[in-house]
$ cat start-v8.txt   # compact mmCIF, C-alpha atoms
# COMPACT_ATOMS: atom_id res chain seq x y z
CA MET A 1 0.00 0.00 0.00
CA GLY A 2 1.24 3.52 -0.67
CA VAL A 3 1.18 5.80 2.35
CA SER A 4 2.32 9.32 3.02
CA THR A 5 1.82 10.68 6.54
CA HIS A 6 2.12 14.05 8.22
CA PRO A 7 3.25 14.86 11.76
CA THR A 8 0.54 13.86 14.23
CA PRO A 9 -0.10 14.30 17.95
CA VAL A 10 1.48 11.93 20.45
CA ALA A 11 -0.20 8.52 20.38
CA VAL A 12 -0.50 5.79 23.01
CA HIS A 13 -1.67 2.22 22.43
CA ALA A 14 -3.17 -0.17 24.95
CA ASP A 15 -1.53 -3.16 23.25
CA HIS A 16 2.10 -3.98 22.51
CA GLY A 17 2.84 -3.40 18.84
CA LEU A 18 5.23 -4.59 16.14
CA MET A 19 5.38 -3.24 12.60
CA PHE A 20 7.30 -5.32 10.03
CA THR A 21 8.19 -3.04 7.11
CA ARG A 22 8.40 -4.96 3.85
CA ALA A 23 8.86 -1.98 1.51
CA GLY A 24 9.03 1.80 1.67
CA TRP A 25 10.02 3.81 4.72
CA PHE A 26 8.65 5.82 7.61
CA THR A 27 9.93 7.92 10.49
CA MET A 28 8.62 7.97 14.04
CA GLU A 29 9.46 9.66 17.31
CA GLN A 30 9.62 7.72 20.57
CA LYS A 31 12.72 8.71 22.51
CA TYR A 32 14.08 10.34 19.37
CA GLU A 33 13.33 10.29 15.67
CA THR A 34 13.95 6.91 14.04
CA LEU A 35 13.90 5.68 10.47
CA SER A 36 12.34 2.33 9.55
CA LEU A 37 13.29 0.81 6.19
CA ALA A 38 12.37 -2.39 4.37
CA GLY A 39 13.39 -5.43 6.39
CA SER A 40 13.04 -3.79 9.77
CA VAL A 41 10.69 -4.26 12.71
CA THR A 42 9.52 -1.25 14.72
CA ILE A 43 8.70 -1.92 18.39
CA VAL A 44 6.07 0.05 20.33
CA PRO A 45 5.49 -1.06 23.95
CA ALA A 46 2.02 -0.63 25.43
CA GLY A 47 1.56 2.79 27.00
CA VAL A 48 4.70 4.31 25.49
CA PRO A 49 4.08 7.71 23.87
CA HIS A 50 5.11 7.91 20.23
CA ARG A 51 4.46 10.08 17.22
CA PRO A 52 4.41 9.03 13.53
CA LEU A 53 6.18 11.67 11.46
CA ALA A 54 6.38 10.79 7.77
CA GLY A 55 6.46 7.86 5.37
CA GLU A 56 6.20 6.82 1.74
CA ASP A 57 5.31 3.72 -0.30
CA LEU A 58 4.77 1.58 2.79
CA ASP A 59 4.04 -2.12 2.58
CA TYR A 60 3.91 -3.67 6.04
CA TRP A 61 2.49 -6.16 8.51
CA LEU A 62 1.18 -4.77 11.78
CA LEU A 63 0.77 -6.84 14.95
CA GLY A 64 -0.95 -5.52 18.06
CA PHE A 65 -1.55 -7.86 21.00
CA SER A 66 -2.56 -7.76 24.64
CA ALA A 67 0.39 -9.31 26.47
CA GLY A 68 -1.66 -10.43 29.47
CA SER A 69 -4.20 -12.20 27.29
CA PHE A 70 -1.47 -14.49 25.94
CA GLY A 71 0.42 -14.93 29.21
CA PHE A 72 3.29 -12.64 28.25
CA ASP A 73 5.06 -10.19 30.56
CA GLU A 74 7.93 -7.77 29.94
CA ALA A 75 9.96 -9.58 32.60
CA GLN A 76 10.18 -12.58 30.24
CA ALA A 77 13.18 -12.92 27.93
CA ILE A 78 10.96 -13.16 24.85
CA MET A 79 9.52 -9.72 25.67
CA ARG A 80 12.96 -8.12 26.09
CA PRO A 81 12.58 -5.89 23.01
CA PHE A 82 9.61 -4.13 24.61
CA SER A 83 11.30 -3.65 28.00
CA GLU A 84 14.46 -2.37 26.30
CA VAL A 85 12.57 0.13 24.15
CA ARG A 86 10.58 1.28 27.17
CA LEU A 87 13.88 2.13 28.84
CA GLY A 88 15.27 4.03 25.86
CA ALA A 89 16.69 1.51 23.36
CA SER A 90 16.15 2.11 19.66
CA PRO A 91 12.70 0.84 18.62
CA VAL A 92 13.92 -0.25 15.19
CA VAL A 93 15.46 -3.72 14.70
CA HIS A 94 16.90 -4.75 11.33
CA LEU A 95 16.53 -8.41 10.28
CA GLU A 96 18.61 -10.62 8.01
CA GLU A 97 16.90 -11.79 4.81
CA VAL A 98 16.34 -15.31 6.16
CA ALA A 99 14.65 -13.90 9.28
CA GLN A 100 12.52 -11.61 7.12
CA ALA A 101 11.26 -14.60 5.15
CA ARG A 102 10.32 -16.41 8.35
CA LEU A 103 8.46 -13.36 9.68
CA GLN A 104 6.58 -13.06 6.38
CA ARG A 105 5.37 -16.68 6.67
CA TRP A 106 4.29 -16.24 10.31
CA PHE A 107 2.42 -13.00 9.65
CA GLU A 108 0.63 -14.66 6.74
CA ALA A 109 -0.30 -17.57 9.01
CA LEU A 110 -1.64 -15.14 11.63
CA ALA A 111 -3.78 -13.46 9.00
CA ARG A 112 -5.21 -16.81 7.86
CA GLU A 113 -5.91 -17.81 11.46
CA ALA A 114 -7.85 -14.59 12.05
CA GLU A 115 -10.09 -15.37 9.07
CA GLY A 116 -11.17 -18.85 10.17
CA GLN A 117 -11.38 -18.89 13.96
CA ASN A 118 -12.15 -22.04 15.93
CA GLU A 119 -11.45 -23.57 19.35
CA LEU A 120 -7.72 -23.78 18.55
CA THR A 121 -7.32 -20.21 17.31
CA ALA A 122 -6.07 -18.66 20.57
CA GLU A 123 -3.36 -21.33 21.01
CA VAL A 124 -2.25 -21.10 17.39
CA GLN A 125 -2.11 -17.30 17.61
CA ARG A 126 -0.03 -17.51 20.78
CA SER A 127 2.38 -19.92 19.08
CA LEU A 128 2.79 -17.69 16.03
CA ILE A 129 3.23 -14.56 18.16
CA THR A 130 5.85 -16.44 20.19
CA LEU A 131 7.76 -17.26 16.99
CA ILE A 132 7.60 -13.63 15.86
CA LEU A 133 8.73 -12.34 19.25
CA SER A 134 11.58 -14.84 19.39
CA GLU A 135 12.85 -13.67 15.99
CA VAL A 136 12.74 -10.02 17.04
CA SER A 137 14.37 -10.82 20.39
CA ARG A 138 17.26 -12.61 18.69
CA ALA A 139 17.80 -9.66 16.35
CA MET A 140 17.60 -7.09 19.15
CA PRO A 141 21.06 -5.79 20.13
CA ASN A 142 22.12 -6.26 23.73
CA ALA A 143 21.35 -3.41 26.12
CA ASP A 144 23.63 -0.39 25.69
CA LYS A 145 26.83 -0.75 27.64
CA ASP A 146 28.17 2.73 27.03
CA GLY A 147 26.38 4.25 30.01
CA GLN A 148 24.21 6.54 27.92
CA ARG A 149 21.01 5.25 29.45
CA SER A 150 20.65 6.54 32.98
CA PRO A 151 19.66 4.06 35.74
CA LEU A 152 17.60 6.94 37.12
CA VAL A 153 15.38 6.97 34.04
CA ALA A 154 14.94 3.20 34.08
CA THR A 155 13.94 3.28 37.75
CA ALA A 156 11.60 6.22 37.21
CA LEU A 157 9.79 4.57 34.30
CA ARG A 158 9.44 1.28 36.17
CA TYR A 159 7.96 3.17 39.13
CA ILE A 160 5.48 4.91 36.83
CA GLN A 161 4.43 1.61 35.22
CA ARG A 162 3.91 -0.06 38.59
CA HIS A 163 2.12 2.84 40.31
CA SER A 164 0.30 4.63 37.48
CA LEU A 165 -3.07 3.54 38.91
CA SER A 166 -2.33 5.61 42.00
CA PRO A 167 -2.54 9.43 41.98
CA ILE A 168 1.23 9.85 41.58
CA SER A 169 3.03 12.99 40.46
CA LEU A 170 6.53 14.14 39.56
CA ILE A 171 7.23 14.60 43.28
CA ASP A 172 6.36 10.96 43.98
CA VAL A 173 8.57 9.75 41.14
CA ALA A 174 11.44 11.92 42.35
CA SER A 175 11.03 10.59 45.89
CA ALA A 176 11.07 7.01 44.60
CA VAL A 177 14.42 7.51 42.85
CA GLY A 178 15.91 9.65 45.61
CA ARG A 179 16.53 12.79 43.58
CA THR A 180 15.00 16.26 43.35
CA ALA A 181 11.93 16.80 41.20
CA PRO A 182 13.63 19.33 38.85
CA HIS A 183 16.55 16.95 38.29
CA VAL A 184 14.28 13.98 37.52
CA ALA A 185 12.13 16.10 35.22
CA ALA A 186 15.17 17.30 33.27
CA VAL A 187 16.83 13.87 32.93
CA VAL A 188 13.65 12.03 31.90
CA LYS A 189 12.79 14.68 29.30
CA SER A 190 16.36 14.71 27.97
CA GLU A 191 16.76 10.95 27.68
CA THR A 192 13.27 9.90 26.57
CA GLY A 193 11.98 12.97 24.75
CA PHE A 194 8.83 13.09 26.91
CA THR A 195 8.04 14.59 30.30
CA VAL A 196 7.29 12.65 33.48
CA GLY A 197 3.72 13.92 33.24
CA THR A 198 3.37 12.53 29.71
CA TRP A 199 4.65 9.13 30.85
CA ILE A 200 2.17 9.05 33.74
CA THR A 201 -0.73 10.11 31.54
CA SER A 202 0.24 7.63 28.83
CA ALA A 203 0.43 4.73 31.28
CA ARG A 204 -2.97 5.59 32.76
CA VAL A 205 -4.70 6.07 29.43
CA ALA A 206 -3.28 2.79 28.09
CA LYS A 207 -4.63 0.94 31.12
CA ALA A 208 -7.95 2.72 30.71
CA ALA A 209 -8.10 1.47 27.12
CA GLN A 210 -7.51 -2.08 28.32
CA LEU A 211 -10.39 -1.76 30.78
CA LEU A 212 -12.63 -0.28 28.10
CA GLN A 213 -11.82 -3.09 25.71
CA HIS A 214 -11.90 -6.07 28.06
CA THR A 215 -14.45 -5.12 30.76
CA ASP A 216 -17.86 -3.50 31.09
CA MET A 217 -16.69 -1.04 33.75
CA PRO A 218 -18.49 2.31 33.30
CA VAL A 219 -16.38 5.27 32.21
CA ASP A 220 -17.09 7.18 35.42
CA GLN A 221 -15.65 4.24 37.40
CA ILE A 222 -12.59 3.82 35.20
CA ALA A 223 -11.40 7.38 35.89
CA PRO A 224 -10.84 6.92 39.67
CA HIS A 225 -9.58 3.37 39.07
CA ILE A 226 -6.65 4.72 37.04
CA GLY A 227 -5.83 7.57 39.40
CA TRP A 228 -8.07 10.42 38.21
CA GLN A 229 -10.99 11.55 40.36
CA ASP A 230 -12.20 13.97 37.70
CA THR A 231 -14.03 12.03 34.97
CA THR A 232 -14.12 15.08 32.70
CA HIS A 233 -10.34 15.39 32.90
CA PHE A 234 -9.99 11.68 32.10
CA ILE A 235 -12.24 11.97 29.04
CA ARG A 236 -10.30 15.01 27.85
CA GLN A 237 -6.93 13.24 28.22
CA PHE A 238 -8.22 10.07 26.55
CA ARG A 239 -9.63 12.02 23.62
CA LYS A 240 -6.39 13.97 23.26
CA ILE A 241 -4.47 10.73 22.71
CA TYR A 242 -7.01 8.48 20.95
CA GLY A 243 -8.96 11.16 19.08
CA VAL A 244 -12.37 10.04 20.41
CA THR A 245 -14.12 9.78 23.77
CA PRO A 246 -13.68 6.60 25.86
CA ALA A 247 -17.26 5.54 25.12
CA ALA A 248 -16.82 6.00 21.37
CA TRP A 249 -13.51 4.13 21.45
CA ARG A 250 -15.07 1.20 23.31
CA LYS A 251 -17.92 1.00 20.80
CA LYS A 252 -15.48 1.06 17.88
CA GLN A 253 -13.37 -1.75 19.37
CA ARG A 254 -16.36 -3.98 20.00
CA MET A 255 -17.66 -3.48 16.47
CA ARG A 256 -14.45 -5.12 15.24
CA VAL A 257 -15.08 -8.34 17.16
$ encode --input "start-v8.txt" --output "structure tokens"
Amino acid sequence: MGVSTHPTPVAVHADHGLMFTRAGWFTMEQKYETLSLAGSVTIVPAGVPHRPLAGEDLDYWLLGFSAGSFGFDEAQAIMRPFSEVRLGASPVVHLEEVAQARLQRWFEALAREAEGQNELTAEVQRSLITLILSEVSRAMPNADKDGQRSPLVATALRYIQRHSLSPISLIDVASAVGRTAPHVAAVVKSETGFTVGTWITSARVAKAAQLLQHTDMPVDQIAPHIGWQDTTHFIRQFRKIYGVTPAAWRKKQRMRV
């Protein structure tokens, strides 16, 4: 498919995502601007803010999956690419031609499985996703050893992920890492490209999207559940990231089932 995009607002997805580029190119901002070319896989962890910038003549496979639904967790070795990108690693992994061919076959198999679902579909999908993740994990470079990624940022982002359902703020994050709020704010913004507030909001909105998609919890109950007492504020933040209200987003997701 031919695609040309323009800079867009920051986006956040409830699911973990992989984009296998078969032809063309596109640029995206997560920690910094990256270029994805044919033969590469772009990694987007759930809840991580990112922004598509530009692209042309794209031909790609896109995989979005709920890690918990398939028994995956970022602490597992097979999910290392997502945990590394969350902590600042490059989200673009380049594959050898043999690995590209394998990914092509597995994505095609996933597409066929989605068309004819039966009692074995979930297990087959999990197996195919495992094969895809294993290929990306093997191609993912080892964590940076040059000291460029600050342990402070890694600790701060882990704290945000684990406590985003609580009404935390920059002050709480700074206290958790044992540094001053201005210092934490400056380092996180410098090394990830996004503010502490954006990370907190992104984590909450991603978890809200999971609740909207997988439960019947009313919108006015989801807001306090994810750390916001003001439902109007929650709706405004959700719409800012997803482009629609929580209720409209839920309806759209369920129409796809």
$ closest_residue --input "start-v8.txt" --among "A:Arg158, A:Lys240, A:Arg126, A:Lys207" --to "His13 in chain A" --atoms "only C-alpha atoms"
A:Lys207
$ residues_around --input "start-v8.txt" --residues "range 162-171 of chain A" --least-positions-apart "5" --cutoff "6 Å" --atoms "all atoms listed in the file" --output "PDB file with C-alpha atoms, in the coordinates of the input"
ATOM      1  CA  ALA A 181      11.930  16.800  41.200  1.00  0.00           C
ATOM      2  CA  ARG A 204      -2.970   5.590  32.760  1.00  0.00           C
ATOM      3  CA  ILE A 226      -6.650   4.720  37.040  1.00  0.00           C
ATOM      4  CA  GLY A 227      -5.830   7.570  39.400  1.00  0.00           C
TER       5      GLY A 227
END
$ closest_residue --input "start-v8.txt" --among "A:Ala247, A:Ala77, A:Ala89, A:Val48" --to "Pro141 in chain A" --atoms "only C-alpha atoms"
A:Ala89
$ closest_residue --input "start-v8.txt" --among "A:Tyr242, A:Trp228, A:Phe20, A:Trp199" --to "Ile132 in chain A" --atoms "all atoms listed in the file"
A:Phe20
$ axis_aligned_box --input "start-v8.txt" --around "range 41-49 of chain A" --padding-each-side "5 Å" --output "JSON"
{"center_x": 6.1, "center_y": 1.7, "center_z": 19.9, "size_x": 19.1, "size_y": 22.0, "size_z": 24.3}
$ atom_distance --input "start-v8.txt" --atom1 "CA of Pro91 in chain A" --atom2 "CA of Gln30 in chain A"
7.8 Å
$ residues_around --input "start-v8.txt" --residues "range 187-194 of chain A" --least-positions-apart "2" --cutoff "10 Å" --atoms "only C-alpha atoms" --output "PDB file with C-alpha atoms, keeping the file's coordinate frame"
ATOM      1  CA  VAL A  10       1.480  11.930  20.450  1.00  0.00           C
ATOM      2  CA  GLU A  29       9.460   9.660  17.310  1.00  0.00           C
ATOM      3  CA  GLN A  30       9.620   7.720  20.570  1.00  0.00           C
ATOM      4  CA  LYS A  31      12.720   8.710  22.510  1.00  0.00           C
ATOM      5  CA  TYR A  32      14.080  10.340  19.370  1.00  0.00           C
ATOM      6  CA  GLU A  33      13.330  10.290  15.670  1.00  0.00           C
ATOM      7  CA  VAL A  48       4.700   4.310  25.490  1.00  0.00           C
ATOM      8  CA  PRO A  49       4.080   7.710  23.870  1.00  0.00           C
ATOM      9  CA  HIS A  50       5.110   7.910  20.230  1.00  0.00           C
ATOM     10  CA  ARG A  86      10.580   1.280  27.170  1.00  0.00           C
ATOM     11  CA  LEU A  87      13.880   2.130  28.840  1.00  0.00           C
ATOM     12  CA  GLY A  88      15.270   4.030  25.860  1.00  0.00           C
ATOM     13  CA  ALA A  89      16.690   1.510  23.360  1.00  0.00           C
ATOM     14  CA  GLN A 148      24.210   6.540  27.920  1.00  0.00           C
ATOM     15  CA  ARG A 149      21.010   5.250  29.450  1.00  0.00           C
ATOM     16  CA  SER A 150      20.650   6.540  32.980  1.00  0.00           C
ATOM     17  CA  LEU A 152      17.600   6.940  37.120  1.00  0.00           C
ATOM     18  CA  VAL A 153      15.380   6.970  34.040  1.00  0.00           C
ATOM     19  CA  ALA A 154      14.940   3.200  34.080  1.00  0.00           C
ATOM     20  CA  ALA A 156      11.600   6.220  37.210  1.00  0.00           C
ATOM     21  CA  LEU A 157       9.790   4.570  34.300  1.00  0.00           C
ATOM     22  CA  PRO A 182      13.630  19.330  38.850  1.00  0.00           C
ATOM     23  CA  HIS A 183      16.550  16.950  38.290  1.00  0.00           C
ATOM     24  CA  VAL A 184      14.280  13.980  37.520  1.00  0.00           C
ATOM     25  CA  ALA A 185      12.130  16.100  35.220  1.00  0.00           C
ATOM     26  CA  VAL A 196       7.290  12.650  33.480  1.00  0.00           C
ATOM     27  CA  GLY A 197       3.720  13.920  33.240  1.00  0.00           C
ATOM     28  CA  THR A 198       3.370  12.530  29.710  1.00  0.00           C
ATOM     29  CA  TRP A 199       4.650   9.130  30.850  1.00  0.00           C
TER      30      TRP A 199
END
$ residues_around --input "start-v8.txt" --residues "His94 in chain A" --least-positions-apart "6" --cutoff "9 Å" --atoms "only C-alpha atoms" --output "PyMOL selection string"
chain A and resi 36-42+136+139-140
$ atom_distance --input "start-v8.txt" --atom1 "CA of Ser202 in chain A" --atom2 "CA of Ile78 in chain A"
23.7 Å
$ atom_distance --input "start-v8.txt" --atom1 "CA of Pro218 in chain A" --atom2 "CA of Ser66 in chain A"
20.7 Å
$ closest_residue --input "start-v8.txt" --among "A:Ala67, A:Ala206, A:Leu128, A:Ile235" --to "Trp106 in chain A" --atoms "all atoms listed in the file"
A:Leu128
$ residues_around --input "start-v8.txt" --residues "Val124 in chain A" --least-positions-apart "4" --cutoff "9 Å" --atoms "all atoms listed in the file" --output "PyMOL selection string"
chain A and resi 110+113+120+128-129
$ closest_residue --input "start-v8.txt" --among "A:Val85, A:Phe238, A:Pro246, A:Thr34" --to "Met217 in chain A" --atoms "all atoms listed in the file"
A:Pro246
$ closest_residue --input "start-v8.txt" --among "A:Gln237, A:Gln117, A:Gln100, A:Ser137" --to "Glu84 in chain A" --atoms "all atoms listed in the file"
A:Ser137
$ residues_around --input "start-v8.txt" --residues "Ala208 in chain A" --least-positions-apart "3" --cutoff "8 Å" --atoms "all atoms listed in the file" --output "compact mmCIF listing (two decimals) with C-alpha atoms, keeping the file's coordinate frame"
# COMPACT_ATOMS: atom_id res chain seq x y z
CA ARG A 204 -2.97 5.59 32.76
CA VAL A 205 -4.70 6.07 29.43
CA LEU A 211 -10.39 -1.76 30.78
CA LEU A 212 -12.63 -0.28 28.10
CA ILE A 222 -12.59 3.82 35.20
CA ALA A 223 -11.40 7.38 35.89
CA ILE A 226 -6.65 4.72 37.04
$ build_atoms --input "start-v8.txt" --residues "range 75-93 of chain A" --atoms "N, CA and C atoms" --output "PDB file, in the frame of the given file"
ATOM      1  N   ALA A  75       8.856  -8.992  31.849  1.00  0.00           N
ATOM      2  CA  ALA A  75       9.960  -9.580  32.600  1.00  0.00           C
ATOM      3  C   ALA A  75      10.504 -10.829  31.908  1.00  0.00           C
ATOM      4  N   GLN A  76       9.752 -11.379  30.953  1.00  0.00           N
ATOM      5  CA  GLN A  76      10.180 -12.580  30.240  1.00  0.00           C
ATOM      6  C   GLN A  76      11.200 -12.225  29.160  1.00  0.00           C
ATOM      7  N   ALA A  77      12.124 -13.165  28.911  1.00  0.00           N
ATOM      8  CA  ALA A  77      13.180 -12.920  27.930  1.00  0.00           C
ATOM      9  C   ALA A  77      12.612 -12.637  26.541  1.00  0.00           C
ATOM     10  N   ILE A  78      11.522 -13.319  26.189  1.00  0.00           N
ATOM     11  CA  ILE A  78      10.960 -13.160  24.850  1.00  0.00           C
ATOM     12  C   ILE A  78      10.362 -11.770  24.648  1.00  0.00           C
ATOM     13  N   MET A  79      10.068 -11.073  25.745  1.00  0.00           N
ATOM     14  CA  MET A  79       9.520  -9.720  25.670  1.00  0.00           C
ATOM     15  C   MET A  79      10.592  -8.651  25.876  1.00  0.00           C
ATOM     16  N   ARG A  80      11.859  -9.065  25.861  1.00  0.00           N
ATOM     17  CA  ARG A  80      12.960  -8.120  26.090  1.00  0.00           C
ATOM     18  C   ARG A  80      12.933  -6.917  25.165  1.00  0.00           C
ATOM     19  N   PRO A  81      12.608  -7.076  23.876  1.00  0.00           N
ATOM     20  CA  PRO A  81      12.580  -5.890  23.010  1.00  0.00           C
ATOM     21  C   PRO A  81      11.682  -4.778  23.543  1.00  0.00           C
ATOM     22  N   PHE A  82      10.527  -5.142  24.095  1.00  0.00           N
ATOM     23  CA  PHE A  82       9.610  -4.130  24.610  1.00  0.00           C
ATOM     24  C   PHE A  82      10.156  -3.454  25.864  1.00  0.00           C
ATOM     25  N   SER A  83      10.740  -4.241  26.779  1.00  0.00           N
ATOM     26  CA  SER A  83      11.300  -3.650  28.000  1.00  0.00           C
ATOM     27  C   SER A  83      12.491  -2.769  27.674  1.00  0.00           C
ATOM     28  N   GLU A  84      13.304  -3.176  26.676  1.00  0.00           N
ATOM     29  CA  GLU A  84      14.460  -2.370  26.300  1.00  0.00           C
ATOM     30  C   GLU A  84      14.038  -1.042  25.669  1.00  0.00           C
ATOM     31  N   VAL A  85      13.054  -1.097  24.785  1.00  0.00           N
ATOM     32  CA  VAL A  85      12.570   0.130  24.150  1.00  0.00           C
ATOM     33  C   VAL A  85      11.930   1.051  25.174  1.00  0.00           C
ATOM     34  N   ARG A  86      11.197   0.474  26.114  1.00  0.00           N
ATOM     35  CA  ARG A  86      10.580   1.280  27.170  1.00  0.00           C
ATOM     36  C   ARG A  86      11.633   2.070  27.937  1.00  0.00           C
ATOM     37  N   LEU A  87      12.823   1.478  28.074  1.00  0.00           N
ATOM     38  CA  LEU A  87      13.880   2.130  28.840  1.00  0.00           C
ATOM     39  C   LEU A  87      14.825   2.960  27.969  1.00  0.00           C
ATOM     40  N   GLY A  88      14.502   3.109  26.677  1.00  0.00           N
ATOM     41  CA  GLY A  88      15.270   4.030  25.860  1.00  0.00           C
ATOM     42  C   GLY A  88      16.022   3.445  24.692  1.00  0.00           C
ATOM     43  N   ALA A  89      15.990   2.113  24.491  1.00  0.00           N
ATOM     44  CA  ALA A  89      16.690   1.510  23.360  1.00  0.00           C
ATOM     45  C   ALA A  89      16.008   1.904  22.046  1.00  0.00           C
ATOM     46  N   SER A  90      16.737   1.802  20.961  1.00  0.00           N
ATOM     47  CA  SER A  90      16.150   2.110  19.660  1.00  0.00           C
ATOM     48  C   SER A  90      14.998   1.168  19.366  1.00  0.00           C
ATOM     49  N   PRO A  91      13.862   1.687  18.899  1.00  0.00           N
ATOM     50  CA  PRO A  91      12.700   0.840  18.620  1.00  0.00           C
ATOM     51  C   PRO A  91      12.757   0.138  17.272  1.00  0.00           C
ATOM     52  N   VAL A  92      13.812   0.337  16.526  1.00  0.00           N
ATOM     53  CA  VAL A  92      13.920  -0.250  15.190  1.00  0.00           C
ATOM     54  C   VAL A  92      14.979  -1.361  15.192  1.00  0.00           C
ATOM     55  N   VAL A  93      14.564  -2.561  14.779  1.00  0.00           N
ATOM     56  CA  VAL A  93      15.460  -3.720  14.700  1.00  0.00           C
ATOM     57  C   VAL A  93      15.515  -4.175  13.248  1.00  0.00           C
TER      58      VAL A  93
END
